[in-house]
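All remarks here apply to the structure that follows.
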Amino acid sequence: MKAPPQKTEAKLNIFALPSQTTLLFGLIVTVLLGTVFVGSIGPSPICTWPLALGLLFLPLRTFLARPERDFARHNLSPAGDDLADLQQAIETNAKAIGLRRTPRLVVSPSKRPLYTFGTRRHWYIAVNHEAALRLQESLEDPDVAPVAQARLIHELYHFKTGDYWQMGYTRELLRTVFLFMAWAATFFCGFGFLLIVAAPDFLQLDPTKLLEQAGNLTPEVRQMLLQIMPSPGEMEAVRQKAAVINLPLVLNFIVGATLPYVIMGGILWGLYWPKLWRMREFYADAGVVQAQGKATPYLSALTQIPLPLLKKYPYERSLAICQQGKGFLDIVREWWRRIKALLKRHPDAATRITCVKDPSQVIDNWVDAAILAGSLTLLLDILLVSPLTILYAGSWPMHFSTLAILVVVSLNLISPLAQGKSVWSDMLKIIVVVVALRLAWLLLTIGLMILLLVFAPDILSETLVAFVASSAHFAGYSDELIFDNLSAFVVKASILNLAQVLIIFFILMVALVLVAFLLRCLLTWYRFPQVNQRLMKVAYLVIGWVALLLGLTILPLITTALLRLTDLLNLPGIIVGALGLIIAATGLGLFIYAHRKYARRCPRCGTAVPGWYHVGKRCKACNALLHPWLIAEYEL
């Protein structure tokens, strides 16, 4: 059978769009660090900014020290003269793809495959010595040299995209948060139980009598210890303060402040960390085929099919791997494969081949984007009701999670808009899923409160008292720990929280419609100066502009009207809201001016170009390709 001719097709250049790897990295950092920083700038039962700084810099310190630990752990050493040709090939390919420095080749006696690691200033490619020799020999063989080169370029693109430091810092952040919070929960709970057991003896402790019982002390030493130890009056003051401390409530605070971070850190480590690994592989794959200008060598490296055979039958050999059955059992197996794939760090060959042939498949579809944004909402809701942040979240319950969802969904809209797809239906589905997940969590909480109110009101009262005492009371924001009317409290809390869910739905829909319209207009700025370097920066500014308008004006106004109606005329709030409106009006004016100047005009001939942009669009007058920087061309 005659093989179909190879052809070069215009594909979406995913490197010109927001990186999904960076988006996942930002999500993990937002969930773990953002909530702590939010608590540190608002009222909190304890001073949390040292915790925020510690969780920020401890992973950074460990990340910077990791290369030295890897050298010692895996017995790594610099490559010798026998691998000089391989090091030269690394340098040549690094310069070809535009790396600012050349990674150093290091070898290991272990059987670990080719991998990369390093910091922002020190880059390393590690490989087993025997495998390095085989790779060097392959580079000298014309028949398999493109395949070996594809493997090298794949590793180099981890440095090109910057995912090596994102992965390194994320790993240390997840490890630090999980271990630190687990240690804090264990230590403070154990210390609290010790205080509960030792409290009676401590309250009866008399330092003077204790010293009198120590008969082997000289008078000078006894007098010196008496001066150091607290006086009877001071000890009495300590006893009075200690007597009113409710140690079980203190333990409740400790568990409530640490356990959510332990659980959320485990979830992020189990589900989002593998996804971050998979995304970085997709981007490195795309870099290989773009750098080589053809997909066949890398497909040979993925499938282990000899390159001559793959060149002869490229479509039949590669597509056979991706074929899926259509029967009921095949569908069940496919869904089970997808579920297991969530825990895998490396995507399967079929998925990688599909993404090589169509790079737009790397970008999350609306289902993945909805799961991403919805899980972000749940994680933030759970962490923001911890005792460390509940006082801030109680004052501004809609701000942090709403703005985070807005940014995540907006960044996911850029890719389908660049392809000329309609995003309105998918955008509505994403917001519906996000709100439905949040509503389900809220209804579960409200339902549990109603059940306790009907069948066990005493338990509900004690639970609410413990919750308030572990947050607001210890911070001095609540003196009363008694709920006189439980029914009124449950009804009011239910109405306010349900109203917030509906308000967030409409706010997100209006904001995302505005963002999608502005981004679609932005993609028609064909005459924008240095468009390939600056257009995406303007897109980020547009998203930030809408988030700023929400954060400074709309959300504070709605939150205040809903929770604290008497504070609507508060002067600081009026000033901040007015500032947000001024910034929004200025930004909109600049956008309209630039749109009239640069939009819908061919950069070559100046002819009007009607309609919205899509990948591969050309000027009808001169046939000039519009936004060629959004296109990747390579042979399939």
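Please note that chains go A, B, ... in the order of the structure tokens, that every chain numbers its residues from 1, and that ligands are numbered from 1 in the order shown.
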So that I can check the surroundings of Lys294 in chain A, please list as an NGL selection string every protein, DNA and RNA residue that reaches within 8 Å of it, counting only C-alpha atoms and ignoring chain neighbours fewer than 2 positions away.
:A and (289-290 or 292 or 296-297 or 634-636)
Please produce a file of those selected residues containing N, CA and C atoms, as a JSON list (two decimals), in the first residue's frame.
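Final file, out-v1.json:
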[["chain", "number", "residue", "atom", "x", "y", "z"],
["A", 289, "VAL", "N", 8.62, 18.69, 18.25],
["A", 289, "VAL", "CA", 8.15, 18.67, 16.85],
["A", 289, "VAL", "C", 8.27, 20.04, 16.21],
["A", 290, "GLN", "N", 8.12, 21.10, 17.00],
["A", 290, "GLN", "CA", 8.30, 22.43, 16.42],
["A", 290, "GLN", "C", 9.77, 22.70, 16.11],
["A", 292, "GLN", "N", 12.14, 20.43, 15.41],
["A", 292, "GLN", "CA", 12.61, 19.59, 14.31],
["A", 292, "GLN", "C", 11.84, 19.83, 13.03],
["A", 296, "THR", "N", 7.72, 12.88, 12.85],
["A", 296, "THR", "CA", 8.09, 11.47, 12.71],
["A", 296, "THR", "C", 9.20, 11.02, 13.67],
["A", 297, "PRO", "N", 10.30, 11.75, 13.82],
["A", 297, "PRO", "CA", 11.34, 11.26, 14.75],
["A", 297, "PRO", "C", 10.86, 11.12, 16.18],
["A", 634, "TYR", "N", 4.64, 22.10, 11.09],
["A", 634, "TYR", "CA", 5.58, 20.99, 11.06],
["A", 634, "TYR", "C", 4.94, 19.82, 10.32],
["A", 635, "GLU", "N", 5.78, 18.94, 9.81],
["A", 635, "GLU", "CA", 5.30, 17.80, 9.05],
["A", 635, "GLU", "C", 4.75, 16.72, 9.97],
["A", 636, "LEU", "N", 3.61, 16.19, 9.59],
["A", 636, "LEU", "CA", 3.05, 15.05, 10.29],
["A", 636, "LEU", "C", 3.52, 13.74, 9.68]]
For Lys421 in chain A, find every residue with an atom within 12 Å (counting only C-alpha atoms), except residues of its own chain fewer than 3 positions away, and show them as a list in words.
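The residues that qualify are Ser360, Asn365, Leu413, Ile414, Ser415, Pro416, Leu417, Ala418, Trp424, Ser425, Asp426, Met427, Ala516, Arg520, Trp612, Tyr613, His614 and Val615 of chain A.
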Could the residues in this selection be saved with N, CA and C atoms as a PDB file, in the first residue's frame?
ATOM      1  N   SER A 360      -3.758  21.765  20.108  1.00  0.00           N
ATOM      2  CA  SER A 360      -4.855  22.377  20.867  1.00  0.00           C
ATOM      3  C   SER A 360      -5.458  21.404  21.874  1.00  0.00           C
ATOM      4  N   ASN A 365     -10.295  21.119  27.888  1.00  0.00           N
ATOM      5  CA  ASN A 365     -11.625  21.396  27.359  1.00  0.00           C
ATOM      6  C   ASN A 365     -12.515  21.911  28.482  1.00  0.00           C
ATOM      7  N   LEU A 413     -10.017  30.660  28.406  1.00  0.00           N
ATOM      8  CA  LEU A 413     -10.811  31.115  27.258  1.00  0.00           C
ATOM      9  C   LEU A 413      -9.943  31.545  26.088  1.00  0.00           C
ATOM     10  N   ILE A 414      -8.683  31.886  26.337  1.00  0.00           N
ATOM     11  CA  ILE A 414      -7.854  32.459  25.281  1.00  0.00           C
ATOM     12  C   ILE A 414      -7.646  31.465  24.143  1.00  0.00           C
ATOM     13  N   SER A 415      -7.383  30.203  24.472  1.00  0.00           N
ATOM     14  CA  SER A 415      -7.115  29.209  23.429  1.00  0.00           C
ATOM     15  C   SER A 415      -8.303  28.992  22.490  1.00  0.00           C
ATOM     16  N   PRO A 416      -9.519  28.679  22.983  1.00  0.00           N
ATOM     17  CA  PRO A 416     -10.635  28.517  22.034  1.00  0.00           C
ATOM     18  C   PRO A 416     -10.949  29.789  21.274  1.00  0.00           C
ATOM     19  N   LEU A 417     -10.771  30.955  21.880  1.00  0.00           N
ATOM     20  CA  LEU A 417     -11.002  32.207  21.152  1.00  0.00           C
ATOM     21  C   LEU A 417      -9.992  32.365  20.024  1.00  0.00           C
ATOM     22  N   ALA A 418      -8.738  31.979  20.254  1.00  0.00           N
ATOM     23  CA  ALA A 418      -7.729  32.060  19.204  1.00  0.00           C
ATOM     24  C   ALA A 418      -8.029  31.108  18.057  1.00  0.00           C
ATOM     25  N   TRP A 424     -19.336  30.785  24.432  1.00  0.00           N
ATOM     26  CA  TRP A 424     -20.439  31.155  25.319  1.00  0.00           C
ATOM     27  C   TRP A 424     -21.055  29.936  25.988  1.00  0.00           C
ATOM     28  N   SER A 425     -21.298  28.877  25.218  1.00  0.00           N
ATOM     29  CA  SER A 425     -21.910  27.682  25.783  1.00  0.00           C
ATOM     30  C   SER A 425     -20.982  27.018  26.799  1.00  0.00           C
ATOM     31  N   ASP A 426     -19.705  26.861  26.426  1.00  0.00           N
ATOM     32  CA  ASP A 426     -18.755  26.232  27.335  1.00  0.00           C
ATOM     33  C   ASP A 426     -18.559  27.069  28.599  1.00  0.00           C
ATOM     34  N   MET A 427     -18.554  28.384  28.434  1.00  0.00           N
ATOM     35  CA  MET A 427     -18.378  29.262  29.587  1.00  0.00           C
ATOM     36  C   MET A 427     -19.536  29.106  30.562  1.00  0.00           C
ATOM     37  N   ALA A 516     -14.512  37.679  27.731  1.00  0.00           N
ATOM     38  CA  ALA A 516     -14.501  36.976  26.448  1.00  0.00           C
ATOM     39  C   ALA A 516     -14.671  37.958  25.284  1.00  0.00           C
ATOM     40  N   ARG A 520     -11.752  38.611  22.524  1.00  0.00           N
ATOM     41  CA  ARG A 520     -12.048  38.379  21.098  1.00  0.00           C
ATOM     42  C   ARG A 520     -11.739  39.626  20.281  1.00  0.00           C
ATOM     43  N   TRP A 612     -14.226  37.812  13.048  1.00  0.00           N
ATOM     44  CA  TRP A 612     -13.346  37.525  14.162  1.00  0.00           C
ATOM     45  C   TRP A 612     -12.152  36.714  13.702  1.00  0.00           C
ATOM     46  N   TYR A 613     -11.123  36.675  14.540  1.00  0.00           N
ATOM     47  CA  TYR A 613      -9.904  35.959  14.187  1.00  0.00           C
ATOM     48  C   TYR A 613     -10.061  34.463  14.442  1.00  0.00           C
ATOM     49  N   HIS A 614      -9.381  33.667  13.621  1.00  0.00           N
ATOM     50  CA  HIS A 614      -9.222  32.234  13.869  1.00  0.00           C
ATOM     51  C   HIS A 614      -7.867  31.825  13.323  1.00  0.00           C
ATOM     52  N   VAL A 615      -7.333  30.725  13.816  1.00  0.00           N
ATOM     53  CA  VAL A 615      -6.008  30.273  13.408  1.00  0.00           C
ATOM     54  C   VAL A 615      -5.976  30.028  11.906  1.00  0.00           C
TER      55      VAL A 615
END
Applying 12 Å and only C-alpha atoms, which residues near Gly54 in chain A remain after dropping the ones on its own chain fewer than 5 positions away? List them as a list in words.
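The neighbour list is Leu33, Val36, Phe37, Thr48, Trp49, Pro59, Leu60, Arg61, Thr62, Leu173, Thr176, Val177, Phe180 and Met181 of chain A.
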Can you tell me, as a VMD selection string, what residues are no more than 9 Å from range 64-67 of chain A when counting only C-alpha atoms, ignoring any on the same chain fewer than 4 positions away?
chain A and resid 59 to 60 71 to 72 117 to 120 122 124 168 to 169
Export of the given selection (N, CA and C atoms) as a PDB file, in the first residue's frame:
ATOM      1  N   PRO A  59      10.155  26.271  51.411  1.00  0.00           N
ATOM      2  CA  PRO A  59      10.262  25.480  50.173  1.00  0.00           C
ATOM      3  C   PRO A  59      11.291  26.045  49.198  1.00  0.00           C
ATOM      4  N   LEU A  60      11.405  27.378  49.151  1.00  0.00           N
ATOM      5  CA  LEU A  60      12.385  27.988  48.252  1.00  0.00           C
ATOM      6  C   LEU A  60      13.806  27.600  48.663  1.00  0.00           C
ATOM      7  N   PHE A  71      22.906  15.240  43.812  1.00  0.00           N
ATOM      8  CA  PHE A  71      24.255  14.756  43.493  1.00  0.00           C
ATOM      9  C   PHE A  71      24.706  13.715  44.501  1.00  0.00           C
ATOM     10  N   ALA A  72      24.442  13.991  45.786  1.00  0.00           N
ATOM     11  CA  ALA A  72      24.875  13.048  46.824  1.00  0.00           C
ATOM     12  C   ALA A  72      24.008  11.799  46.849  1.00  0.00           C
ATOM     13  N   PHE A 117      17.043  18.395  36.020  1.00  0.00           N
ATOM     14  CA  PHE A 117      16.814  19.015  37.327  1.00  0.00           C
ATOM     15  C   PHE A 117      17.699  20.245  37.415  1.00  0.00           C
ATOM     16  N   GLY A 118      17.482  21.054  38.438  1.00  0.00           N
ATOM     17  CA  GLY A 118      18.302  22.236  38.614  1.00  0.00           C
ATOM     18  C   GLY A 118      17.535  23.384  39.233  1.00  0.00           C
ATOM     19  N   THR A 119      18.187  24.533  39.333  1.00  0.00           N
ATOM     20  CA  THR A 119      17.597  25.761  39.843  1.00  0.00           C
ATOM     21  C   THR A 119      17.594  26.785  38.710  1.00  0.00           C
ATOM     22  N   ARG A 120      17.277  28.025  39.044  1.00  0.00           N
ATOM     23  CA  ARG A 120      17.212  29.042  37.992  1.00  0.00           C
ATOM     24  C   ARG A 120      18.588  29.338  37.390  1.00  0.00           C
ATOM     25  N   HIS A 122      21.428  26.967  37.722  1.00  0.00           N
ATOM     26  CA  HIS A 122      22.215  25.754  37.492  1.00  0.00           C
ATOM     27  C   HIS A 122      21.295  24.695  36.880  1.00  0.00           C
ATOM     28  N   TYR A 124      20.958  20.896  34.872  1.00  0.00           N
ATOM     29  CA  TYR A 124      21.632  19.612  34.713  1.00  0.00           C
ATOM     30  C   TYR A 124      20.740  18.649  33.935  1.00  0.00           C
ATOM     31  N   GLY A 168       9.987  21.884  40.754  1.00  0.00           N
ATOM     32  CA  GLY A 168      10.818  21.785  41.951  1.00  0.00           C
ATOM     33  C   GLY A 168      10.235  22.540  43.127  1.00  0.00           C
ATOM     34  N   TYR A 169       9.773  23.755  42.878  1.00  0.00           N
ATOM     35  CA  TYR A 169       9.216  24.529  43.990  1.00  0.00           C
ATOM     36  C   TYR A 169       7.886  23.941  44.465  1.00  0.00           C
TER      37      TYR A 169
END
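Distances to Thr377 in chain A were evaluated for A:Thr116, A:Gln361, A:Thr524, A:Ser401 using only C-alpha atoms, and the minimum falls at A:Ser401.
Among the candidates A:Ile574, A:Ala286, A:Ala96, A:Ala608, the residue lying nearest to Lys11 in chain A is A:Ala286 (atoms considered: only C-alpha atoms).
Interatomic distance, CA of Phe591 in chain A against CA of Ala373 in chain A: 27.8 Å.
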